[in-house]
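Input: a single structure, listed below in structure tokens.
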Amino acid sequence: MKLYRNLLVLVALVFSQGQVTAQAQPPKLVVGIVVDQMRYDFLHRYSDHYGDDGFKRLMREGFSFDSTNYNYVPTVTAAGHASIYTGTTPSRHGIIGNTWYDRNLRISVSNVEDPTVHIIGSAVPNPNGFSPAHLLTKTITDQIRTKMGPESKIISVSLKDRGAILPGGHSANAAYWHDYETSPGNFVSSTFYQDSLPGWVAEFNSEGRSEAYMGQVWNTLLPLEEYDESAPDDNGYESLMRGKQAPVFPYDLAAIRDTYAPNEPYLNVLWVTPFGNTLLKDFAIRALREEHLGQDAITDALCISFSSTDAAGHTFGPQSVEVQDMYLRLDRDIAELLQVLDQEVGKGEYLLFLTSDHGAQPVVSYAVEQGLPAGLAVIPRFEHSLNFSLSLKYGAFNWIESFGTNEIYLDHALIAEKGVSLPEMQQAVADFMKEQPAVSYALTATELRENKYDSGLPAMVQNGFYEDRSGDVILVYEPGFVATYDFRTPITKVRGTQHGSGYEWDTHVPLLWFGAGVPSGASARRVHPTDVTPTLGRFLNVPIPEGATGQPLLELFEPARGSN
Ligand SMILES: [Zn+2]
């Protein structure tokens with residue numbers, strides 16, 4: 001069997017040499033890093049305080065695509081991870097959000113939930129199951145496994161379930177994520193991948209690292225007065241952590257934990273701190289070593305998605321010292337990761353990319369104070385007035401089945417029963433919603449099916465629309481508006497930020513390439529995160545997934561600048 005596999009690999013290598021490729025030997029390891037909610041400007045805004053060996057090393061020795069923007073809405077974590085690794089948009093891979101309304105089940109479902117499997121490694125029995133079953137197309141990681149055979153290993157890690165599961169695709173050896181709802185905060189997996197945790201994961205869990213971090217104090221890495229790229233530490237735009245009177249350093253995690261009731265989960269606190277990223281970095285390094293990734297000629301992949309950046313962004317907002325401090329520490333974590341990769345796999349032997357799943361908009365209360373466009377799209381008010389309008393026109397029934405942040409689902413059975421035309425009612429809803437001051441577009445499912453939009457926000461809506469899962473009417477808000485279910489808090493009192501729109505602050509992300517075969521340089525050409533997978537396909541001489549719509553980034557395959 002071993003001989004047969006080796007023969008297959010040999011055939012694969014010989015075959016690959018017959019094609020035009022960037023390099024004769026594929027890299028030993030692909031490392032994909034996704035930093036949740038990392039806006040492009042964070043690369044440069046904090047750069048005075050970054051070290052030489054983290055983000056700056058990636059930019060200095062690698063290649064930066066400075067105009068990388070998402071080309072669909074909504075810009076959220078699940079859709080972002082799925083798009084990076086499949087090379088296409090939600091219209092094709094089907095991950096239209098972190099959750100969506102399921103018309104058959106008549107409830108909201110999560111992007112990675114799967115009742116046919118269950119969690120392994122949780123400290124308490126957990127009936128929930130997670131897998132990539134909702135992901136409708138193949139990922140580059142699937143293609144690596146298919147092409148390289150069973151000796152190729154794909155391991156994907158994140159604090160978030162979706163950040164681990166979607167990058168690994170359908171054929172990862174394992175995905176691991178952090179069980180924050182149950183102390184001691186194990187890294188867990190799913191029976192989709194394996195029946196029980198491997199020994200090294202159980203051992204890592206037994207070390208009690210999550211709990212140890214909960215005994216620490218988060219203080220600024222540098223003296224506070226050096227954080228002049230951010231707003232003052234004490235400001236009115238940041239959410240308060242439990243037990244805190246002001247959103248300021250230091251954060252004594254043990255004191256915050258003490259405010260929780262005995263049976264109340266508290267490890268979500270860890271997610272909001274830089275220790276969440278460091279915990280994941282340590283777990284990723286352990287995976288690299290224990291799974292012997294990148295140790296032979298058969299390409300492996302290690303997908304690492306850092307989630308604490310998103311948790312801190314939502315809590316404190318992009319103007320905060322807290323978010324800046326988290327990036328300064330992540331920069332150190334990435335420097336360490338690169339050093340370990342150099343050591344364990346070898347300089348130039350691995351291919352790495354770093355990007356983000358989405359950006360973030362300014363905190364709306366901050367924007368108001370700065371005189372920038374901002375507003376609230378209050379969903380319960382919309383729902384109430386829309387219901388009233390539909391009742392006047394079509395009769396007093398509950399026509400709206402679900403009103404999400406950007407999508408309205410109508411009750412198709414009721415509409416059929418009452419003999420109303422569905423396209424007509426969709427249009428009536430869209431016409432009403434367009435009149436609302438917060439709304440810039442309202443597109444119906446019928447319009448999206450029958451027309452082809454080439455540019456602008458309607459094209460982004462179309463790229464994010466998957467008919468079996470999407471609503472009857474899709475809403476796009478004016479720049480600076482955020483959807484909220486909270487009708488009590490005035491805009492000047494809103495704390496922390498959101499993302500999801502098709503505007504620059506949510507769509508513009510870093511895209512850095514580094515390592516095996518990557519020239520040093522930069523490009524300002526407008527590209528998309530969906531180009532990552534076709535580019536990896538070309539680097540690895542692996543077929544691009546059938547569903548991919550992105551393009552290979554050809555700048556990476558041109559002769560190095562300065563050479564003749
Ligand atoms: Zn988020």
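Ordered as shown in the structure tokens, chains take letters A, B, and onward, while each chain numbers its residues from 1 and ligands are numbered from 1 in the order shown.
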
Pull the closest atom pair for each residue of chain A that gets at most 10 Å from ligand 1, along with the distance in Å to one decimal, counting only C-alpha atoms and all ligand atoms, ordering rows by chain and then ascending residue number, as JSON lines.
```
{"residue": "A:Asp36", "atom": "CA", "partner": "ligand 1", "partner_atom_place_in_ligand_line": "1 (Zn)", "distance": 7.2}
{"residue": "A:Gln37", "atom": "CA", "partner": "ligand 1", "partner_atom_place_in_ligand_line": "1 (Zn)", "distance": 6.3}
{"residue": "A:Thr75", "atom": "CA", "partner": "ligand 1", "partner_atom_place_in_ligand_line": "1 (Zn)", "distance": 9.1}
{"residue": "A:Val76", "atom": "CA", "partner": "ligand 1", "partner_atom_place_in_ligand_line": "1 (Zn)", "distance": 6.4}
{"residue": "A:Thr77", "atom": "CA", "partner": "ligand 1", "partner_atom_place_in_ligand_line": "1 (Zn)", "distance": 6.4}
{"residue": "A:Ala78", "atom": "CA", "partner": "ligand 1", "partner_atom_place_in_ligand_line": "1 (Zn)", "distance": 9.7}
{"residue": "A:Asn98", "atom": "CA", "partner": "ligand 1", "partner_atom_place_in_ligand_line": "1 (Zn)", "distance": 9.6}
{"residue": "A:Ser307", "atom": "CA", "partner": "ligand 1", "partner_atom_place_in_ligand_line": "1 (Zn)", "distance": 8.7}
{"residue": "A:Ser308", "atom": "CA", "partner": "ligand 1", "partner_atom_place_in_ligand_line": "1 (Zn)", "distance": 9.7}
{"residue": "A:Thr309", "atom": "CA", "partner": "ligand 1", "partner_atom_place_in_ligand_line": "1 (Zn)", "distance": 8.8}
{"residue": "A:Asp310", "atom": "CA", "partner": "ligand 1", "partner_atom_place_in_ligand_line": "1 (Zn)", "distance": 5.0}
{"residue": "A:Ala311", "atom": "CA", "partner": "ligand 1", "partner_atom_place_in_ligand_line": "1 (Zn)", "distance": 6.7}
{"residue": "A:Ala312", "atom": "CA", "partner": "ligand 1", "partner_atom_place_in_ligand_line": "1 (Zn)", "distance": 9.2}
{"residue": "A:Gly313", "atom": "CA", "partner": "ligand 1", "partner_atom_place_in_ligand_line": "1 (Zn)", "distance": 7.6}
{"residue": "A:His314", "atom": "CA", "partner": "ligand 1", "partner_atom_place_in_ligand_line": "1 (Zn)", "distance": 6.4}
{"residue": "A:Thr315", "atom": "CA", "partner": "ligand 1", "partner_atom_place_in_ligand_line": "1 (Zn)", "distance": 9.9}
{"residue": "A:Asp357", "atom": "CA", "partner": "ligand 1", "partner_atom_place_in_ligand_line": "1 (Zn)", "distance": 9.1}
{"residue": "A:His358", "atom": "CA", "partner": "ligand 1", "partner_atom_place_in_ligand_line": "1 (Zn)", "distance": 8.1}
{"residue": "A:Gly359", "atom": "CA", "partner": "ligand 1", "partner_atom_place_in_ligand_line": "1 (Zn)", "distance": 8.6}
{"residue": "A:Ala360", "atom": "CA", "partner": "ligand 1", "partner_atom_place_in_ligand_line": "1 (Zn)", "distance": 8.0}
{"residue": "A:Thr497", "atom": "CA", "partner": "ligand 1", "partner_atom_place_in_ligand_line": "1 (Zn)", "distance": 8.7}
{"residue": "A:Gln498", "atom": "CA", "partner": "ligand 1", "partner_atom_place_in_ligand_line": "1 (Zn)", "distance": 6.6}
{"residue": "A:His499", "atom": "CA", "partner": "ligand 1", "partner_atom_place_in_ligand_line": "1 (Zn)", "distance": 6.5}
{"residue": "A:Gly500", "atom": "CA", "partner": "ligand 1", "partner_atom_place_in_ligand_line": "1 (Zn)", "distance": 8.3}
```

Could you take the residues named above and write them with N, CA and C atoms, as a PDB file, in the first residue's frame?
```pdb
ATOM      1  N   ASP A  36      -9.343  37.840  12.142  1.00  0.00           N
ATOM      2  CA  ASP A  36     -10.759  38.218  12.131  1.00  0.00           C
ATOM      3  C   ASP A  36     -10.930  39.722  12.402  1.00  0.00           C
ATOM      4  N   GLN A  37     -11.599  40.407  11.488  1.00  0.00           N
ATOM      5  CA  GLN A  37     -11.894  41.855  11.606  1.00  0.00           C
ATOM      6  C   GLN A  37     -10.656  42.740  11.446  1.00  0.00           C
ATOM      7  N   THR A  75     -20.396  41.152   4.772  1.00  0.00           N
ATOM      8  CA  THR A  75     -19.005  40.903   5.130  1.00  0.00           C
ATOM      9  C   THR A  75     -18.959  40.433   6.585  1.00  0.00           C
ATOM     10  N   VAL A  76     -19.106  39.129   6.747  1.00  0.00           N
ATOM     11  CA  VAL A  76     -19.086  38.504   8.083  1.00  0.00           C
ATOM     12  C   VAL A  76     -18.169  37.284   8.050  1.00  0.00           C
ATOM     13  N   THR A  77     -17.871  36.767   9.245  1.00  0.00           N
ATOM     14  CA  THR A  77     -16.829  35.752   9.417  1.00  0.00           C
ATOM     15  C   THR A  77     -17.019  34.487   8.579  1.00  0.00           C
ATOM     16  N   ALA A  78     -18.188  33.879   8.654  1.00  0.00           N
ATOM     17  CA  ALA A  78     -18.375  32.599   7.957  1.00  0.00           C
ATOM     18  C   ALA A  78     -18.248  32.789   6.450  1.00  0.00           C
ATOM     19  N   ASN A  98     -23.283  34.175   9.015  1.00  0.00           N
ATOM     20  CA  ASN A  98     -22.946  33.313  10.154  1.00  0.00           C
ATOM     21  C   ASN A  98     -24.140  32.441  10.514  1.00  0.00           C
ATOM     22  N   SER A 307      -9.260  34.864  16.252  1.00  0.00           N
ATOM     23  CA  SER A 307     -10.610  35.405  16.452  1.00  0.00           C
ATOM     24  C   SER A 307     -10.684  36.525  17.478  1.00  0.00           C
ATOM     25  N   SER A 308      -9.694  36.635  18.372  1.00  0.00           N
ATOM     26  CA  SER A 308      -9.822  37.615  19.455  1.00  0.00           C
ATOM     27  C   SER A 308      -9.856  39.047  18.935  1.00  0.00           C
ATOM     28  N   THR A 309      -9.233  39.274  17.774  1.00  0.00           N
ATOM     29  CA  THR A 309      -9.274  40.599  17.169  1.00  0.00           C
ATOM     30  C   THR A 309     -10.719  41.033  16.896  1.00  0.00           C
ATOM     31  N   ASP A 310     -11.568  40.095  16.511  1.00  0.00           N
ATOM     32  CA  ASP A 310     -12.980  40.410  16.242  1.00  0.00           C
ATOM     33  C   ASP A 310     -13.724  40.678  17.549  1.00  0.00           C
ATOM     34  N   ALA A 311     -13.464  39.845  18.547  1.00  0.00           N
ATOM     35  CA  ALA A 311     -14.151  40.020  19.833  1.00  0.00           C
ATOM     36  C   ALA A 311     -13.797  41.379  20.440  1.00  0.00           C
ATOM     37  N   ALA A 312     -12.515  41.756  20.368  1.00  0.00           N
ATOM     38  CA  ALA A 312     -12.095  43.045  20.918  1.00  0.00           C
ATOM     39  C   ALA A 312     -12.652  44.201  20.091  1.00  0.00           C
ATOM     40  N   GLY A 313     -12.679  44.025  18.770  1.00  0.00           N
ATOM     41  CA  GLY A 313     -13.227  45.078  17.906  1.00  0.00           C
ATOM     42  C   GLY A 313     -14.687  45.345  18.220  1.00  0.00           C
ATOM     43  N   HIS A 314     -15.480  44.278  18.357  1.00  0.00           N
ATOM     44  CA  HIS A 314     -16.897  44.462  18.696  1.00  0.00           C
ATOM     45  C   HIS A 314     -17.047  45.153  20.045  1.00  0.00           C
ATOM     46  N   THR A 315     -16.193  44.814  20.991  1.00  0.00           N
ATOM     47  CA  THR A 315     -16.333  45.337  22.353  1.00  0.00           C
ATOM     48  C   THR A 315     -15.853  46.784  22.456  1.00  0.00           C
ATOM     49  N   ASP A 357     -11.178  38.215   7.242  1.00  0.00           N
ATOM     50  CA  ASP A 357     -12.511  37.832   6.762  1.00  0.00           C
ATOM     51  C   ASP A 357     -13.430  39.035   6.532  1.00  0.00           C
ATOM     52  N   HIS A 358     -13.081  40.173   7.109  1.00  0.00           N
ATOM     53  CA  HIS A 358     -13.859  41.414   6.953  1.00  0.00           C
ATOM     54  C   HIS A 358     -13.176  42.496   7.773  1.00  0.00           C
ATOM     55  N   GLY A 359     -13.598  43.741   7.574  1.00  0.00           N
ATOM     56  CA  GLY A 359     -13.067  44.844   8.376  1.00  0.00           C
ATOM     57  C   GLY A 359     -14.036  45.227   9.476  1.00  0.00           C
ATOM     58  N   ALA A 360     -14.129  46.525   9.745  1.00  0.00           N
ATOM     59  CA  ALA A 360     -15.043  47.023  10.782  1.00  0.00           C
ATOM     60  C   ALA A 360     -15.301  48.494  10.531  1.00  0.00           C
ATOM     61  N   THR A 497     -18.370  48.179  18.012  1.00  0.00           N
ATOM     62  CA  THR A 497     -18.658  48.319  16.592  1.00  0.00           C
ATOM     63  C   THR A 497     -19.257  47.074  15.945  1.00  0.00           C
ATOM     64  N   GLN A 498     -19.560  47.217  14.672  1.00  0.00           N
ATOM     65  CA  GLN A 498     -20.176  46.180  13.851  1.00  0.00           C
ATOM     66  C   GLN A 498     -19.476  46.119  12.504  1.00  0.00           C
ATOM     67  N   HIS A 499     -19.864  45.136  11.690  1.00  0.00           N
ATOM     68  CA  HIS A 499     -19.386  45.015  10.313  1.00  0.00           C
ATOM     69  C   HIS A 499     -20.427  44.242   9.547  1.00  0.00           C
ATOM     70  N   GLY A 500     -20.261  44.172   8.241  1.00  0.00           N
ATOM     71  CA  GLY A 500     -21.222  43.425   7.434  1.00  0.00           C
ATOM     72  C   GLY A 500     -21.580  44.143   6.136  1.00  0.00           C
TER      73      GLY A 500
END
```

Considering only C-alpha atoms, return as an mmCIF file with C-alpha atoms, in the first residue's frame whatever protein or nucleic-acid residues lie within 10 Å of Ala255 in chain A, sequence-local ones (same chain, fewer than 2 positions apart) excluded.
```cif
data_model
loop_
_atom_site.group_PDB
_atom_site.id
_atom_site.type_symbol
_atom_site.label_atom_id
_atom_site.label_comp_id
_atom_site.auth_asym_id
_atom_site.auth_seq_id
_atom_site.Cartn_x
_atom_site.Cartn_y
_atom_site.Cartn_z
ATOM 1 C CA MET A 214 -7.858 33.913 33.327
ATOM 2 C CA GLY A 215 -5.554 34.489 36.306
ATOM 3 C CA GLN A 216 -3.585 37.165 34.447
ATOM 4 C CA VAL A 217 -3.832 40.922 34.175
ATOM 5 C CA ARG A 242 -18.058 43.054 33.687
ATOM 6 C CA GLY A 243 -17.179 44.717 36.970
ATOM 7 C CA LYS A 244 -15.402 47.633 35.248
ATOM 8 C CA TYR A 251 -7.948 44.376 32.959
ATOM 9 C CA ASP A 252 -7.654 42.068 35.931
ATOM 10 C CA LEU A 253 -9.187 38.892 34.471
ATOM 11 C CA ARG A 257 -14.190 36.208 36.463
ATOM 12 C CA ASP A 258 -15.266 36.743 40.065
ATOM 13 C CA THR A 259 -18.293 38.732 38.847
ATOM 14 C CA TYR A 260 -19.671 35.564 37.184
#
```

message = At a cut-off of 9 Å, using only C-alpha atoms, what residues contact Pro26 in chain A? Leave out same-chain residues fewer than 3 positions from it and give the result as a list in words.
response = Ala22, Gln23, Leu29, Ala297, Ile298, Thr299, Glu349, Tyr350, Ala516, Phe539, Leu540 and Asn541 of chain A

inquiry  = as a ChimeraX atom specification, please: the residues near Glu238 in chain A (cut-off 10 Å, only C-alpha atoms, same-chain neighbours under 2 positions excluded).
reply    = /A:233-236,240-241,246-248,312-320,322,363,365-366,493-497

query = Which of these residues is nearest to Ala231 in chain A, using only C-alpha atoms: A:Thr191, A:Gln324, A:Phe204, A:Val34?
reply =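 Result for the nearest residue to Ala231 in chain A: A:Gln324.
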
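Considering only C-alpha atoms, the residue among A:Ile165, A:Val188, A:Leu135, A:Ile285 positioned nearest to Ala202 in chain A is A:Val188.
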
Hey, could you make a per-residue contact list for range 45-67 of chain A against range 554-558 of chain A with 10 Å as the cut-off, showing the nearest pair of atoms and its distance in Å to one decimal, counting only C-alpha atoms, sorted by chain and number, as CSV?
```
residue,atom,partner,partner_atom,distance
A:Gly62,CA,A:Leu556,CA,9.6
A:Phe63,CA,A:Leu556,CA,7.5
A:Ser64,CA,A:Leu556,CA,9.9
A:Phe65,CA,A:Glu555,CA,9.5
```

ask   = Within 12 Å of Ser470 in chain A, counting only C-alpha atoms, which residues qualify if same-chain residues fewer than 4 places away don't, as a ChimeraX atom specification?
value = /A:73-74,90-91,94-97,99-103,108,402-404,406-410,443-446,448-449,461-466,474-475

Output of the above residues as a PDB file, in the first residue's frame, restricted to C-alpha atoms:
```pdb
ATOM      1  CA  VAL A  73     -22.258  41.427   1.203  1.00  0.00           C
ATOM      2  CA  PRO A  74     -22.641  40.550   4.031  1.00  0.00           C
ATOM      3  CA  PRO A  90     -21.705  33.118  -1.146  1.00  0.00           C
ATOM      4  CA  SER A  91     -23.830  33.004  -4.327  1.00  0.00           C
ATOM      5  CA  GLY A  94     -23.809  28.998  -0.063  1.00  0.00           C
ATOM      6  CA  ILE A  95     -22.419  30.396   3.207  1.00  0.00           C
ATOM      7  CA  ILE A  96     -24.518  33.560   3.089  1.00  0.00           C
ATOM      8  CA  GLY A  97     -23.909  34.553   6.706  1.00  0.00           C
ATOM      9  CA  THR A  99     -26.579  32.262  10.489  1.00  0.00           C
ATOM     10  CA  TRP A 100     -29.573  32.335   8.207  1.00  0.00           C
ATOM     11  CA  TYR A 101     -33.266  31.598   8.402  1.00  0.00           C
ATOM     12  CA  ASP A 102     -34.119  28.056   7.342  1.00  0.00           C
ATOM     13  CA  ARG A 103     -37.549  28.069   5.672  1.00  0.00           C
ATOM     14  CA  SER A 108     -32.328  30.400  12.265  1.00  0.00           C
ATOM     15  CA  SER A 402     -38.419  36.488   9.671  1.00  0.00           C
ATOM     16  CA  PHE A 403     -36.826  39.949   9.604  1.00  0.00           C
ATOM     17  CA  GLY A 404     -33.039  39.568   9.811  1.00  0.00           C
ATOM     18  CA  ASN A 406     -30.389  42.572   6.101  1.00  0.00           C
ATOM     19  CA  GLU A 407     -32.972  40.103   4.865  1.00  0.00           C
ATOM     20  CA  ILE A 408     -36.727  39.807   4.960  1.00  0.00           C
ATOM     21  CA  TYR A 409     -38.315  36.364   4.627  1.00  0.00           C
ATOM     22  CA  LEU A 410     -42.009  36.314   3.701  1.00  0.00           C
ATOM     23  CA  LEU A 443     -33.554  44.233  -3.923  1.00  0.00           C
ATOM     24  CA  THR A 444     -36.039  41.412  -4.367  1.00  0.00           C
ATOM     25  CA  ALA A 445     -35.152  37.750  -4.868  1.00  0.00           C
ATOM     26  CA  THR A 446     -37.023  37.911  -8.185  1.00  0.00           C
ATOM     27  CA  LEU A 448     -31.733  39.159  -8.273  1.00  0.00           C
ATOM     28  CA  ARG A 449     -32.693  36.005 -10.145  1.00  0.00           C
ATOM     29  CA  VAL A 461     -25.766  41.820  -3.065  1.00  0.00           C
ATOM     30  CA  GLN A 462     -26.032  39.428  -6.005  1.00  0.00           C
ATOM     31  CA  ASN A 463     -22.676  37.821  -5.134  1.00  0.00           C
ATOM     32  CA  GLY A 464     -23.961  37.297  -1.584  1.00  0.00           C
ATOM     33  CA  PHE A 465     -27.344  35.904  -2.629  1.00  0.00           C
ATOM     34  CA  TYR A 466     -28.102  32.186  -2.655  1.00  0.00           C
ATOM     35  CA  ILE A 474     -32.270  42.070   0.703  1.00  0.00           C
ATOM     36  CA  LEU A 475     -31.560  45.433   2.334  1.00  0.00           C
TER      37      LEU A 475
END
```
